[in-house]
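*Asks:* My structure file coords-v5.cif, mmCIF, C-alpha atoms, is below:
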```
data_my_file
loop_
_atom_site.label_atom_id
_atom_site.label_comp_id
_atom_site.auth_asym_id
_atom_site.auth_seq_id
_atom_site.Cartn_x
_atom_site.Cartn_y
_atom_site.Cartn_z
CA MET A 14 0.00 0.00 0.00
CA SER A 15 1.24 3.50 -0.80
CA ALA A 16 2.45 5.74 1.99
CA PRO A 17 -0.09 8.18 3.49
CA TYR A 18 -0.12 11.70 2.18
CA ALA A 19 -1.56 14.99 3.38
CA LYS A 20 -3.14 17.61 1.18
CA LEU A 21 -1.18 20.78 1.82
CA PRO A 22 -2.94 24.06 2.60
CA GLY A 23 -2.55 26.82 0.06
CA TRP A 24 0.00 28.80 2.09
CA ALA A 25 2.27 25.74 2.27
CA ASP A 26 1.79 24.68 -1.34
CA TYR A 27 2.33 28.15 -2.81
CA GLY A 28 4.53 29.68 -0.12
CA LEU A 29 6.42 27.22 2.06
CA ILE A 30 7.62 24.82 -0.65
CA PRO A 31 8.98 27.56 -2.96
CA ILE A 32 10.74 29.18 0.03
CA VAL A 33 12.33 25.86 1.03
CA ASN A 34 13.47 25.29 -2.55
CA LEU A 35 14.90 28.81 -2.69
CA LEU A 36 16.79 28.41 0.59
CA VAL A 37 18.33 25.15 -0.60
CA ALA A 38 19.32 26.80 -3.89
CA PHE A 39 21.11 29.58 -2.01
CA LEU A 40 22.79 27.08 0.33
CA VAL A 41 24.20 25.23 -2.68
CA ALA A 42 25.19 28.58 -4.21
CA GLY A 43 26.99 29.38 -0.94
CA VAL A 44 29.03 26.22 -1.34
CA VAL A 45 29.97 27.32 -4.86
CA VAL A 46 31.02 30.74 -3.55
CA LEU A 47 33.07 29.02 -0.85
CA LEU A 48 34.85 26.92 -3.46
CA VAL A 49 36.07 30.02 -5.30
CA GLY A 50 37.59 31.36 -2.08
CA GLU A 51 35.00 33.91 -0.95
CA ASN A 52 32.88 34.17 2.18
CA PRO A 53 29.27 33.17 1.37
CA LEU A 54 27.83 35.35 4.15
CA SER A 55 29.75 38.40 2.94
CA ALA A 56 28.61 37.65 -0.60
CA ALA A 57 24.99 37.44 0.54
CA VAL A 58 25.28 40.79 2.35
CA ILE A 59 26.76 42.43 -0.76
CA LEU A 60 24.05 40.88 -2.95
CA ILE A 61 21.22 42.17 -0.77
CA ASP A 62 22.82 45.57 -0.27
CA GLY A 63 23.42 45.86 -4.02
CA ALA A 64 19.71 45.25 -4.61
CA PHE A 65 18.12 47.16 -1.71
CA GLY A 66 20.91 49.21 -0.11
CA ASN A 67 19.68 52.58 -1.38
CA GLY A 68 16.98 54.12 -3.54
CA GLN A 69 19.04 53.88 -6.69
CA ASN A 70 19.59 50.14 -6.25
CA ILE A 71 15.94 49.51 -5.41
CA ALA A 72 14.87 51.37 -8.54
CA TYR A 73 17.15 49.23 -10.73
CA THR A 74 15.90 46.05 -9.04
CA LEU A 75 12.28 46.98 -9.76
CA TYR A 76 13.20 47.97 -13.32
CA TYR A 77 14.53 44.48 -14.01
CA ALA A 78 11.59 42.93 -12.17
CA THR A 79 9.18 44.76 -14.50
CA ASN A 80 10.52 42.81 -17.48
CA PHE A 81 10.22 39.53 -15.63
CA ILE A 82 6.65 40.20 -14.47
CA PHE A 83 5.49 40.58 -18.06
CA THR A 84 7.30 37.49 -19.34
CA GLY A 85 6.41 35.44 -16.25
CA LEU A 86 2.71 36.23 -16.72
CA ALA A 87 3.01 35.31 -20.39
CA VAL A 88 4.40 31.87 -19.55
CA ALA A 89 1.84 31.37 -16.75
CA VAL A 90 -1.17 31.99 -19.01
CA ALA A 91 0.12 29.35 -21.42
CA PHE A 92 0.86 26.95 -18.53
CA HIS A 93 -2.73 27.14 -17.30
CA SER A 94 -3.86 26.04 -20.75
CA GLY A 95 -1.45 23.10 -20.84
CA LEU A 96 0.90 24.92 -23.23
CA PHE A 97 4.62 25.58 -22.83
CA ASN A 98 5.36 28.91 -24.49
CA ILE A 99 9.14 29.18 -24.83
CA GLY A 100 8.74 31.95 -27.39
CA GLY A 101 8.45 34.90 -25.00
CA GLU A 102 11.91 36.10 -26.01
CA GLY A 103 10.99 36.34 -29.67
CA GLN A 104 7.51 37.69 -28.99
CA ALA A 105 8.93 40.52 -26.87
CA TYR A 106 11.67 41.17 -29.43
CA ILE A 107 9.36 41.44 -32.42
CA ALA A 108 6.93 43.54 -30.36
CA GLY A 109 9.68 46.16 -30.28
CA LEU A 110 8.82 46.75 -33.93
CA GLY A 111 5.27 47.75 -32.98
CA VAL A 112 6.57 50.07 -30.25
CA ALA A 113 9.08 51.60 -32.67
CA LEU A 114 6.48 52.32 -35.34
CA VAL A 115 4.22 54.09 -32.84
CA CYS A 116 7.02 56.08 -31.22
CA LEU A 117 8.70 57.11 -34.48
CA THR A 118 5.36 58.20 -35.89
CA PHE A 119 3.86 60.10 -32.97
CA ASP A 120 6.72 61.20 -30.69
CA ALA A 121 6.80 64.67 -32.27
CA VAL A 122 3.04 65.28 -32.33
CA LEU A 123 1.59 63.60 -29.22
CA PRO A 124 2.44 63.79 -25.52
CA TRP A 125 3.68 60.63 -23.83
CA TRP A 126 0.34 59.95 -22.14
CA LEU A 127 -1.29 59.56 -25.57
CA THR A 128 1.63 57.76 -27.18
CA PHE A 129 1.86 55.24 -24.35
CA PRO A 130 -1.63 53.67 -24.82
CA LEU A 131 -1.00 53.38 -28.56
CA ALA A 132 2.35 51.73 -27.89
CA ILE A 133 0.72 49.30 -25.43
CA ILE A 134 -1.80 48.27 -28.07
CA ALA A 135 0.90 47.94 -30.74
CA ALA A 136 3.24 45.90 -28.52
CA ALA A 137 0.47 43.55 -27.39
CA ALA A 138 -0.90 43.18 -30.93
CA VAL A 139 2.46 42.38 -32.55
CA GLY A 140 3.39 39.96 -29.74
CA ALA A 141 0.00 38.25 -30.01
CA LEU A 142 0.21 37.95 -33.80
CA TRP A 143 3.71 36.46 -33.53
CA ALA A 144 2.38 33.88 -31.07
CA LEU A 145 -0.65 33.20 -33.28
CA ILE A 146 1.44 31.39 -35.91
CA PRO A 147 2.80 28.64 -33.59
CA ALA A 148 -0.65 28.44 -31.96
CA TYR A 149 -2.33 27.88 -35.34
CA LEU A 150 0.28 25.29 -36.30
CA GLN A 151 -0.46 23.27 -33.14
CA ALA A 152 -4.22 23.74 -33.19
CA LYS A 153 -4.70 22.97 -36.89
CA ARG A 154 -1.60 21.05 -37.97
CA GLY A 155 -0.48 19.23 -34.83
CA SER A 156 2.95 20.91 -34.62
CA HIS A 157 4.40 20.92 -31.10
CA ILE A 158 4.22 24.35 -29.49
CA VAL A 159 7.62 24.00 -27.83
CA ILE A 160 9.44 23.39 -31.10
CA THR A 161 7.67 26.12 -33.05
CA THR A 162 8.06 28.79 -30.36
CA ILE A 163 11.77 28.02 -30.02
CA MET A 164 12.24 28.35 -33.77
CA PHE A 165 10.27 31.59 -33.85
CA ASN A 166 12.71 33.09 -31.35
CA PHE A 167 15.44 32.75 -33.96
CA ILE A 168 13.21 34.04 -36.73
CA ALA A 169 12.32 37.11 -34.63
CA ALA A 170 15.98 37.79 -33.88
CA SER A 171 16.94 37.57 -37.56
CA ALA A 172 14.01 39.74 -38.62
CA MET A 173 14.90 42.44 -36.10
CA VAL A 174 18.55 42.45 -37.19
CA TYR A 175 17.45 43.00 -40.79
CA LEU A 176 14.98 45.75 -39.83
CA LEU A 177 17.40 47.61 -37.57
CA VAL A 178 20.30 47.40 -40.01
CA ASP A 179 18.55 47.96 -43.34
CA VAL A 180 15.18 49.62 -42.65
CA LEU A 181 14.89 51.50 -39.36
CA LYS A 182 18.47 52.73 -38.98
CA PRO A 183 18.77 56.49 -39.70
CA ALA A 184 20.73 57.49 -42.79
CA GLY A 185 24.41 58.08 -42.04
CA SER A 186 24.31 56.13 -38.76
CA MET A 187 26.51 53.09 -38.17
CA ALA A 188 24.73 51.78 -35.05
CA PRO A 189 22.02 49.15 -35.74
CA GLN A 190 19.23 51.03 -33.93
CA THR A 191 16.47 53.52 -34.54
CA ARG A 192 16.86 57.23 -33.93
CA ASP A 193 16.34 58.48 -30.39
CA PHE A 194 12.73 59.12 -29.52
CA LEU A 195 11.55 62.62 -28.69
CA ASP A 196 9.87 63.53 -25.40
CA GLY A 197 6.48 62.38 -26.69
CA ALA A 198 7.68 58.74 -26.57
CA GLN A 199 9.63 58.79 -23.30
CA LEU A 200 7.93 57.40 -20.21
CA PRO A 201 8.16 59.32 -16.92
CA LYS A 202 10.52 57.88 -14.34
CA MET A 203 9.21 56.73 -10.95
CA GLY A 204 12.05 57.97 -8.78
CA TRP A 205 9.57 60.26 -7.07
CA LEU A 206 7.84 57.21 -5.54
CA LEU A 207 11.01 56.09 -3.75
CA GLU A 208 11.98 59.66 -2.92
CA SER A 209 8.66 60.05 -1.12
CA PHE A 210 10.00 57.42 1.32
CA GLY A 211 13.21 59.39 1.80
CA LEU A 212 15.28 57.31 -0.65
CA ALA A 213 17.58 59.14 -3.04
CA VAL A 214 17.28 58.17 -6.71
CA ARG A 215 19.54 59.80 -9.29
CA SER A 216 19.04 58.32 -12.74
CA ALA A 217 17.57 54.84 -12.41
CA PRO A 218 15.38 53.67 -15.33
CA LEU A 219 12.37 52.61 -13.20
CA ASN A 220 9.33 54.00 -15.01
CA ILE A 221 5.55 53.76 -15.08
CA SER A 222 5.59 50.52 -17.06
CA PHE A 223 6.15 48.95 -13.62
CA LEU A 224 2.62 50.03 -12.73
CA LEU A 225 1.38 48.55 -16.01
CA ALA A 226 3.06 45.24 -15.10
CA LEU A 227 1.24 45.17 -11.75
CA LEU A 228 -2.03 46.01 -13.50
CA MET A 229 -1.48 43.12 -15.92
CA ALA A 230 -0.80 40.79 -12.98
CA PHE A 231 -4.20 41.71 -11.54
CA ALA A 232 -5.82 41.34 -14.98
CA VAL A 233 -4.36 37.85 -15.38
CA TRP A 234 -5.71 36.86 -11.96
CA VAL A 235 -9.17 38.08 -12.97
CA LEU A 236 -8.92 36.31 -16.33
CA ILE A 237 -7.77 32.93 -15.03
CA TRP A 238 -9.84 32.68 -11.83
CA ARG A 239 -12.85 34.94 -12.35
CA THR A 240 -13.97 34.47 -15.95
CA LYS A 241 -15.60 31.73 -18.02
CA LEU A 242 -12.69 31.80 -20.46
CA GLY A 243 -10.21 31.33 -17.63
CA TYR A 244 -12.19 28.37 -16.33
CA GLU A 245 -12.15 26.81 -19.79
CA MET A 246 -8.40 27.40 -20.07
CA ARG A 247 -7.73 25.76 -16.71
CA THR A 248 -10.03 22.87 -17.55
CA PHE A 249 -8.29 22.26 -20.84
CA GLY A 250 -4.87 22.52 -19.17
CA PHE A 251 -5.87 20.02 -16.48
CA SER A 252 -7.61 17.49 -18.71
CA PRO A 253 -7.98 18.01 -22.47
CA LYS A 254 -10.24 14.95 -22.69
CA ALA A 255 -12.63 16.33 -20.07
CA ALA A 256 -12.58 19.72 -21.78
CA ARG A 257 -13.48 18.19 -25.12
CA TYR A 258 -16.24 16.13 -23.46
CA ALA A 259 -17.62 19.37 -22.00
CA GLY A 260 -17.74 20.94 -25.46
CA ILE A 261 -14.72 23.23 -25.06
CA SER A 262 -13.01 23.82 -28.40
CA GLU A 263 -9.38 22.72 -28.26
CA SER A 264 -8.33 24.93 -31.17
CA ARG A 265 -10.04 27.97 -29.70
CA ILE A 266 -8.34 27.61 -26.32
CA ILE A 267 -4.89 27.04 -27.84
CA ILE A 268 -5.13 30.07 -30.12
CA ILE A 269 -6.65 32.44 -27.54
CA ALA A 270 -4.28 31.39 -24.75
CA MET A 271 -1.20 31.75 -26.93
CA MET A 272 -2.30 35.14 -28.25
CA ILE A 273 -2.85 36.42 -24.71
CA SER A 274 0.52 34.97 -23.73
CA GLY A 275 2.23 36.61 -26.70
CA GLY A 276 0.54 39.93 -25.98
CA LEU A 277 1.81 39.93 -22.40
CA ALA A 278 5.33 39.08 -23.54
CA GLY A 279 5.12 41.81 -26.14
CA MET A 280 4.32 44.45 -23.52
CA MET A 281 7.71 43.74 -21.93
CA ALA A 282 9.25 45.75 -24.82
CA LEU A 283 7.71 48.96 -23.45
CA ASN A 284 9.94 48.97 -20.37
CA PRO A 285 13.40 49.06 -21.99
CA ILE A 286 12.39 50.89 -25.17
CA MET A 287 10.19 53.73 -23.92
CA GLY A 288 11.29 53.72 -20.30
CA ASP A 289 15.07 53.49 -20.56
CA GLN A 290 16.84 53.40 -23.93
CA HIS A 291 14.37 55.65 -25.81
CA ARG A 292 15.26 53.80 -29.00
CA VAL A 293 15.05 50.27 -30.37
CA ALA A 294 18.46 48.57 -30.38
CA LEU A 295 19.67 45.03 -30.91
CA ASP A 296 18.96 42.49 -28.16
CA PHE A 297 17.03 44.86 -25.89
CA VAL A 298 15.15 41.85 -24.46
CA ALA A 299 18.42 40.49 -23.01
CA GLY A 300 17.08 37.06 -22.05
CA ALA A 301 14.02 38.27 -20.13
CA GLY A 302 11.80 35.90 -22.11
CA PHE A 303 13.70 32.86 -20.83
CA VAL A 304 13.87 34.20 -17.26
CA GLY A 305 10.08 34.45 -17.42
CA ILE A 306 9.90 30.65 -17.56
CA ALA A 307 11.74 30.39 -14.24
CA VAL A 308 9.62 33.19 -12.75
CA ALA A 309 6.41 31.40 -13.71
CA LEU A 310 7.67 28.09 -12.28
CA MET A 311 8.77 29.68 -9.02
CA GLY A 312 5.55 31.67 -8.75
CA ARG A 313 3.47 28.52 -9.36
CA SER A 314 1.85 30.31 -12.33
CA HIS A 315 -0.08 32.59 -9.97
CA PRO A 316 0.29 36.39 -10.21
CA ALA A 317 0.69 36.61 -6.43
CA GLY A 318 3.76 34.37 -6.75
CA ILE A 319 5.04 35.72 -10.05
CA VAL A 320 5.49 39.30 -8.78
CA PRO A 321 7.79 38.37 -5.84
CA ALA A 322 9.59 35.80 -8.01
CA ALA A 323 10.25 38.55 -10.57
CA VAL A 324 11.58 40.80 -7.81
CA LEU A 325 13.87 37.95 -6.71
CA PHE A 326 15.38 37.70 -10.18
CA GLY A 327 15.64 41.48 -10.22
CA VAL A 328 17.70 41.13 -7.03
CA LEU A 329 19.95 38.57 -8.73
CA TYR A 330 20.47 40.86 -11.71
CA GLN A 331 21.08 44.12 -9.82
CA GLY A 332 22.69 42.66 -6.69
CA GLY A 333 24.71 40.26 -8.82
CA ALA A 334 26.27 43.16 -10.71
CA GLU A 335 27.35 44.72 -7.42
CA LEU A 336 28.64 41.37 -6.18
CA ALA A 337 30.76 40.84 -9.30
CA PHE A 338 32.23 44.33 -8.79
CA GLU A 339 32.98 43.95 -5.06
CA MET A 340 34.24 40.35 -5.26
CA PRO A 341 36.32 39.87 -8.42
CA ASN A 342 36.52 36.11 -7.88
CA ILE A 343 32.75 35.99 -8.40
CA SER A 344 32.35 36.76 -12.09
CA ARG A 345 29.15 37.40 -14.00
CA ASP A 346 29.28 33.75 -15.00
CA MET A 347 29.07 32.84 -11.31
CA ILE A 348 25.92 34.94 -11.02
CA VAL A 349 24.46 32.98 -13.92
CA ILE A 350 25.29 29.77 -12.02
CA ILE A 351 23.40 31.09 -8.98
CA GLN A 352 20.43 31.94 -11.20
CA GLY A 353 20.63 28.45 -12.69
CA LEU A 354 20.55 26.89 -9.22
CA VAL A 355 17.43 28.88 -8.36
CA ILE A 356 15.81 27.69 -11.58
CA LEU A 357 16.91 24.10 -10.92
CA PHE A 358 15.45 23.86 -7.43
CA ALA A 359 12.37 25.98 -8.14
CA GLY A 360 11.58 24.26 -11.41
CA ALA A 361 13.08 20.85 -12.23
CA LEU A 362 13.39 19.80 -8.56
CA GLU A 363 10.23 21.53 -7.39
CA HIS A 364 8.80 18.36 -5.81
CA MET A 365 12.00 17.23 -4.09
CA PHE A 366 10.84 18.37 -0.64
CA ARG A 367 7.12 17.95 -1.17
CA ALA A 368 6.93 14.39 0.20
CA PRO A 369 8.78 15.17 3.48
CA ILE A 370 6.68 18.29 4.03
CA GLN A 371 3.50 16.31 3.34
CA ALA A 372 4.63 13.72 5.86
CA VAL A 373 5.10 16.44 8.48
CA PHE A 374 1.62 17.83 7.83
CA ALA A 375 0.20 14.30 7.94
CA SER A 376 1.68 13.74 11.40
CA PHE A 377 0.11 16.95 12.75
CA SER A 378 -3.19 16.74 10.85
CA PRO A 379 -4.58 13.20 11.06
CA ARG A 380 -7.88 14.22 9.48
CA SER A 381 -6.15 15.41 6.30
CA VAL A 382 -4.45 12.06 5.76
CA GLY A 383 -5.64 9.96 2.88
CA VAL A 384 -4.48 6.54 1.81
CA ALA A 385 -3.92 5.80 -1.83
CA ALA A 386 -5.49 2.64 -3.17
CA PRO A 387 -3.09 -0.22 -3.90
CA LYS A 388 -2.15 -0.73 -7.52
CA GLY A 389 -4.60 -2.90 -9.33
CA GLU A 390 -7.50 -2.16 -6.96
CA GLY A 391 -10.40 0.16 -7.59
CA ALA A 392 -10.91 3.38 -5.71
#
```
As a first step, turn the structure in this file into structure tokens.
*Replies:*
Amino acid sequence: MSAPYAKLPGWADYGLIPIVNLLVAFLVAGVVVLLVGENPLSAAVILIDGAFGNGQNIAYTLYYATNFIFTGLAVAVAFHSGLFNIGGEGQAYIAGLGVALVCLTFDAVLPWWLTFPLAIIAAAAVGALWALIPAYLQAKRGSHIVITTIMFNFIAASAMVYLLVDVLKPAGSMAPQTRDFLDGAQLPKMGWLLESFGLAVRSAPLNISFLLALLMAFAVWVLIWRTKLGYEMRTFGFSPKAARYAGISESRIIIIAMMISGGLAGMMALNPIMGDQHRVALDFVAGAGFVGIAVALMGRSHPAGIVPAAVLFGVLYQGGAELAFEMPNISRDMIVIIQGLVILFAGALEHMFRAPIQAVFASFSPRSVGVAAPKGEGA
């Protein structure tokens, strides 16, 4: 007979287990730091101080987190529908084209607060249309969504190189990028928010797209858990056979879920383009689409978990830069190793500590213990 198990309460399933996984990841990372001849505790202090030590550092941490919120939400929406969208990188990259067309067209004639909504629509639309092609191929032709979205990342990268080098680059310029946007396409910074708490912020790129990311997190929660469409998506993700039996169209769910996912990934382009660089340059996504996969896994595909998980990776990006500067033995490659350990324990080894934690809950909560039926016997 199988061992008893206990159904975990929500706070343990969505809070305790990810925290345990994260602590183990950092313990293993501490061993790696020790092996290169540095003090793990000192490294941890530098990492945290580099991310939260002053207003400037906090602003940079939240700036990076903004990118990861968008891409994490994009992956989560697909997850809930039983789809693995690995194309967030390409969807965000190609969405930069939509943002560029809006900004280059209207930055001289409209204020930012009119340009911004147009850019949001353009970024979401281009990202959604780029995701529509792999979605259609799976829904109508049976192509695997993982393979097609991976390939479309490369297609998006090649297309953007061509556009930035041969189409959008200003005449006489050698840099593969658009011209700088005028004030009508530059988002206001949010340093004032941190300064209201007495924190000094000089020139950090944190901007109002952070508020848009939080708004999208709330919108995704409403969509997935408070709408009929969200219920159908979760049903299809949990059991496609049951969904088909209930009359839910498989093709419709695949296409809609992937378009929503692509639109969310596309909105990530607003943060670096309009909020920081004020131009479209090569590789502005900088891997945020792939980090979004780890953010969604760590956040258990729930917006309430995705936001803090995105902040955590913002800490690793911003604090990791400070750590590499203060401790030369810890290179940027070492920071990538730490990020990889977090992804490993939060994603691939997510269930490593679930059984022991369930056993602990079973010992304290006898009523919540169930016994699985032996193999070969009916329920």
*Asks:* Starting from the PyMOL selection byres ((chain A and resi 145) around 9), expand the selection into actual residues of this file and give them as a list in words.
*Replies:* Gly140, Ala141, Leu142, Trp143, Ala144, Ile146, Pro147, Ala148, Tyr149, Leu150, Ile268, Ile269, Met271, Met272 and Gly275 of chain A
*Asks:* How many Å separate CA of Gly204 in chain A from CA of Gly66 in chain A?
*Replies:*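 If I compute the distance from CA of Gly204 in chain A to CA of Gly66 in chain A, I get 15.2 Å.
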*Asks:* In terms of the shortest atom-to-atom distance over all atoms listed in the file, which of A:Thr191, A:Asn284, A:Gln331, A:Thr248 is closest to Thr84 in chain A?
*Replies:*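 Closest to Thr84 in chain A, using all atoms listed in the file: A:Asn284.
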*Asks:* Between CA of Phe65 in chain A and CA of Pro218 in chain A, what distance in Å does the model show, to one decimal?
*Replies:*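 Interatomic distance, CA of Phe65 in chain A to CA of Pro218 in chain A: 15.3 Å.
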*Asks:* Taking only C-alpha atoms into account, which of A:Leu212, A:Val233, A:Ala188, A:Ala301 comes nearest Gly103 in chain A?
*Replies:*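 For Gly103 in chain A, the nearest of the candidates is A:Ala301.
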*Asks:* Mind telling me what the PyMOL selection byres ((chain A and resi 152-163) around 7) catches here, as number ranges by chain?
*Replies:* A: 97-100, 147-151, 164-166, 264, 267
*Asks:* Please measure the separation of CA of Tyr76 in chain A and CA of Leu219 in chain A, giving the value in Å to one decimal.
*Replies:* 4.7 Å
*Asks:* Spell out the residues picked by the PyMOL selection byres ((chain A and resi 281) around 9) here, as a list in words.
*Replies:*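 That selection, the PyMOL selection byres ((chain A and resi 281) around 9), comes back as Thr79, Asn80, Phe81, Ile82, Phe83, Thr84, Ala105, Tyr106, Ala108, Gly109, Ala136, Ser222, Ala226, Leu277, Ala278, Gly279, Met280, Ala282, Leu283, Asn284, Pro285, Val298, Ala301 and Gly302 of chain A.
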*Asks:* Some atoms are absent from range 72-80 of chain A, so rebuild all heavy atoms and return them as a PDB file, keeping the file's coordinate frame.
*Replies:*
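And here's rebuild22.pdb as it stands now:
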```
ATOM      1  N   ALA A  72      15.488  50.996  -7.270  1.00  0.00           N
ATOM      2  CA  ALA A  72      14.870  51.370  -8.540  1.00  0.00           C
ATOM      3  C   ALA A  72      15.351  50.454  -9.674  1.00  0.00           C
ATOM      4  O   ALA A  72      14.551  50.028 -10.519  1.00  0.00           O
ATOM      5  CB  ALA A  72      15.182  52.826  -8.861  1.00  0.00           C
ATOM      6  N   TYR A  73      16.633  50.144  -9.700  1.00  0.00           N
ATOM      7  CA  TYR A  73      17.150  49.230 -10.730  1.00  0.00           C
ATOM      8  C   TYR A  73      16.570  47.828 -10.550  1.00  0.00           C
ATOM      9  O   TYR A  73      16.240  47.147 -11.526  1.00  0.00           O
ATOM     10  CB  TYR A  73      18.671  49.177 -10.678  1.00  0.00           C
ATOM     11  CG  TYR A  73      19.342  50.168 -11.600  1.00  0.00           C
ATOM     12  CD1 TYR A  73      19.826  51.377 -11.115  1.00  0.00           C
ATOM     13  CD2 TYR A  73      19.488  49.906 -12.963  1.00  0.00           C
ATOM     14  CE1 TYR A  73      20.437  52.304 -11.951  1.00  0.00           C
ATOM     15  CE2 TYR A  73      20.091  50.814 -13.813  1.00  0.00           C
ATOM     16  CZ  TYR A  73      20.573  52.007 -13.301  1.00  0.00           C
ATOM     17  OH  TYR A  73      21.161  52.916 -14.143  1.00  0.00           O
ATOM     18  N   THR A  74      16.470  47.376  -9.297  1.00  0.00           N
ATOM     19  CA  THR A  74      15.900  46.050  -9.040  1.00  0.00           C
ATOM     20  C   THR A  74      14.477  45.961  -9.566  1.00  0.00           C
ATOM     21  O   THR A  74      14.098  44.979 -10.220  1.00  0.00           O
ATOM     22  CB  THR A  74      15.936  45.750  -7.537  1.00  0.00           C
ATOM     23  OG1 THR A  74      17.289  45.732  -7.079  1.00  0.00           O
ATOM     24  CG2 THR A  74      15.296  44.402  -7.233  1.00  0.00           C
ATOM     25  N   LEU A  75      13.670  46.978  -9.297  1.00  0.00           N
ATOM     26  CA  LEU A  75      12.280  46.980  -9.760  1.00  0.00           C
ATOM     27  C   LEU A  75      12.196  47.147 -11.276  1.00  0.00           C
ATOM     28  O   LEU A  75      11.261  46.645 -11.908  1.00  0.00           O
ATOM     29  CB  LEU A  75      11.503  48.088  -9.055  1.00  0.00           C
ATOM     30  CG  LEU A  75      11.335  47.924  -7.543  1.00  0.00           C
ATOM     31  CD1 LEU A  75      10.540  49.085  -6.962  1.00  0.00           C
ATOM     32  CD2 LEU A  75      10.652  46.595  -7.219  1.00  0.00           C
ATOM     33  N   TYR A  76      13.166  47.845 -11.851  1.00  0.00           N
ATOM     34  CA  TYR A  76      13.200  47.970 -13.320  1.00  0.00           C
ATOM     35  C   TYR A  76      13.380  46.604 -13.963  1.00  0.00           C
ATOM     36  O   TYR A  76      12.653  46.249 -14.904  1.00  0.00           O
ATOM     37  CB  TYR A  76      14.327  48.913 -13.739  1.00  0.00           C
ATOM     38  CG  TYR A  76      14.642  48.860 -15.225  1.00  0.00           C
ATOM     39  CD1 TYR A  76      13.808  49.477 -16.147  1.00  0.00           C
ATOM     40  CD2 TYR A  76      15.760  48.169 -15.701  1.00  0.00           C
ATOM     41  CE1 TYR A  76      14.081  49.414 -17.504  1.00  0.00           C
ATOM     42  CE2 TYR A  76      16.033  48.105 -17.053  1.00  0.00           C
ATOM     43  CZ  TYR A  76      15.198  48.731 -17.952  1.00  0.00           C
ATOM     44  OH  TYR A  76      15.465  48.669 -19.297  1.00  0.00           O
ATOM     45  N   TYR A  77      14.340  45.825 -13.483  1.00  0.00           N
ATOM     46  CA  TYR A  77      14.530  44.480 -14.010  1.00  0.00           C
ATOM     47  C   TYR A  77      13.311  43.597 -13.735  1.00  0.00           C
ATOM     48  O   TYR A  77      12.891  42.807 -14.578  1.00  0.00           O
ATOM     49  CB  TYR A  77      15.778  43.841 -13.418  1.00  0.00           C
ATOM     50  CG  TYR A  77      17.074  44.492 -13.837  1.00  0.00           C
ATOM     51  CD1 TYR A  77      17.987  44.963 -12.888  1.00  0.00           C
ATOM     52  CD2 TYR A  77      17.394  44.652 -15.179  1.00  0.00           C
ATOM     53  CE1 TYR A  77      19.178  45.574 -13.270  1.00  0.00           C
ATOM     54  CE2 TYR A  77      18.585  45.253 -15.570  1.00  0.00           C
ATOM     55  CZ  TYR A  77      19.471  45.718 -14.608  1.00  0.00           C
ATOM     56  OH  TYR A  77      20.644  46.315 -14.994  1.00  0.00           O
ATOM     57  N   ALA A  78      12.741  43.749 -12.533  1.00  0.00           N
ATOM     58  CA  ALA A  78      11.590  42.930 -12.170  1.00  0.00           C
ATOM     59  C   ALA A  78      10.403  43.200 -13.094  1.00  0.00           C
ATOM     60  O   ALA A  78       9.610  42.286 -13.367  1.00  0.00           O
ATOM     61  CB  ALA A  78      11.185  43.211 -10.716  1.00  0.00           C
ATOM     62  N   THR A  79      10.279  44.430 -13.591  1.00  0.00           N
ATOM     63  CA  THR A  79       9.180  44.760 -14.500  1.00  0.00           C
ATOM     64  C   THR A  79       9.212  43.868 -15.732  1.00  0.00           C
ATOM     65  O   THR A  79       8.176  43.337 -16.163  1.00  0.00           O
ATOM     66  CB  THR A  79       9.277  46.239 -14.921  1.00  0.00           C
ATOM     67  OG1 THR A  79       9.235  47.075 -13.759  1.00  0.00           O
ATOM     68  CG2 THR A  79       8.115  46.612 -15.839  1.00  0.00           C
ATOM     69  N   ASN A  80      10.398  43.696 -16.320  1.00  0.00           N
ATOM     70  CA  ASN A  80      10.520  42.810 -17.480  1.00  0.00           C
ATOM     71  C   ASN A  80      10.072  41.401 -17.154  1.00  0.00           C
ATOM     72  O   ASN A  80       9.355  40.753 -17.928  1.00  0.00           O
ATOM     73  CB  ASN A  80      11.983  42.772 -17.959  1.00  0.00           C
ATOM     74  CG  ASN A  80      12.459  44.105 -18.508  1.00  0.00           C
ATOM     75  OD1 ASN A  80      11.670  44.920 -18.963  1.00  0.00           O
ATOM     76  ND2 ASN A  80      13.762  44.323 -18.464  1.00  0.00           N
TER      77      ASN A  80
END
```
